[in-house]
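All remarks here apply to the structure that follows.
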Amino acid sequence: DSQLSELFDGVTEAQSARRVAPDAWSAREVLAHLIHSERGWQAWMADLVNGQEASYDDWGNNLQTRIEATLDAFPTSGELLEELRRLNAETAAFVSHLPDTFVQERKASYWRMAYQLLEPPHHLRTHMEQMREAIGAA
């Protein structure tokens, strides 16, 4: 959260909305993607706890329509950052409220969740660099 806040400190809305190339995301679009990712993690975690583990062949594509809808719902960088902060806090709270039955009786699923949650934040780091480049180009 602090690194994201620092990255957007003093950045105008126009700068955060600028793309470095027509097929590249702006910093705001990256924030929308991170929001979608966090929501996806929460849905996946709920599926694990409910014993409804889906099978996936791959990660889905990033749907630009969804990005644009999120930008409409959260029209400023500050609002996007705040939504992402809330979702991160919600994910942490989700973990703190895991039922004992899940932790004690479904250890393989619990281990898989813990492994994913404790993995280094490569996804965020990659996108932090992408946002730095977009903001720097603006």
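Residue names in the structure tokens use chain letters A, B, ... in the order shown, residue numbers from 1 in each chain, and ligand numbers from 1 in the order shown.
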Report the residues of range 20-89 of chain A whose backbone DSSP state falls under helix (DSSP H, G or I), written as a ChimeraX atom specification. /A:27-50,64-73,77-89
Need the shell around Leu7 in chain A: protein/DNA/RNA residues with any atom at most 9 Å away, counting only C-alpha atoms. Skip same-chain ones fewer than 6 positions apart. Format as a PyMOL selection string? chain A and resi 128+131-132+135
Neighbours of range 74-87 of chain A within 8 Å (only C-alpha atoms; same-chain residues fewer than 5 positions away dropped), as a VMD selection string? chain A and resid 1 4 to 5 8 13 16 28 31 to 32 34 to 35 38 to 39
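Between CA of Leu63 in chain A and CA of Met45 in chain A there is a distance of 21.6 Å.
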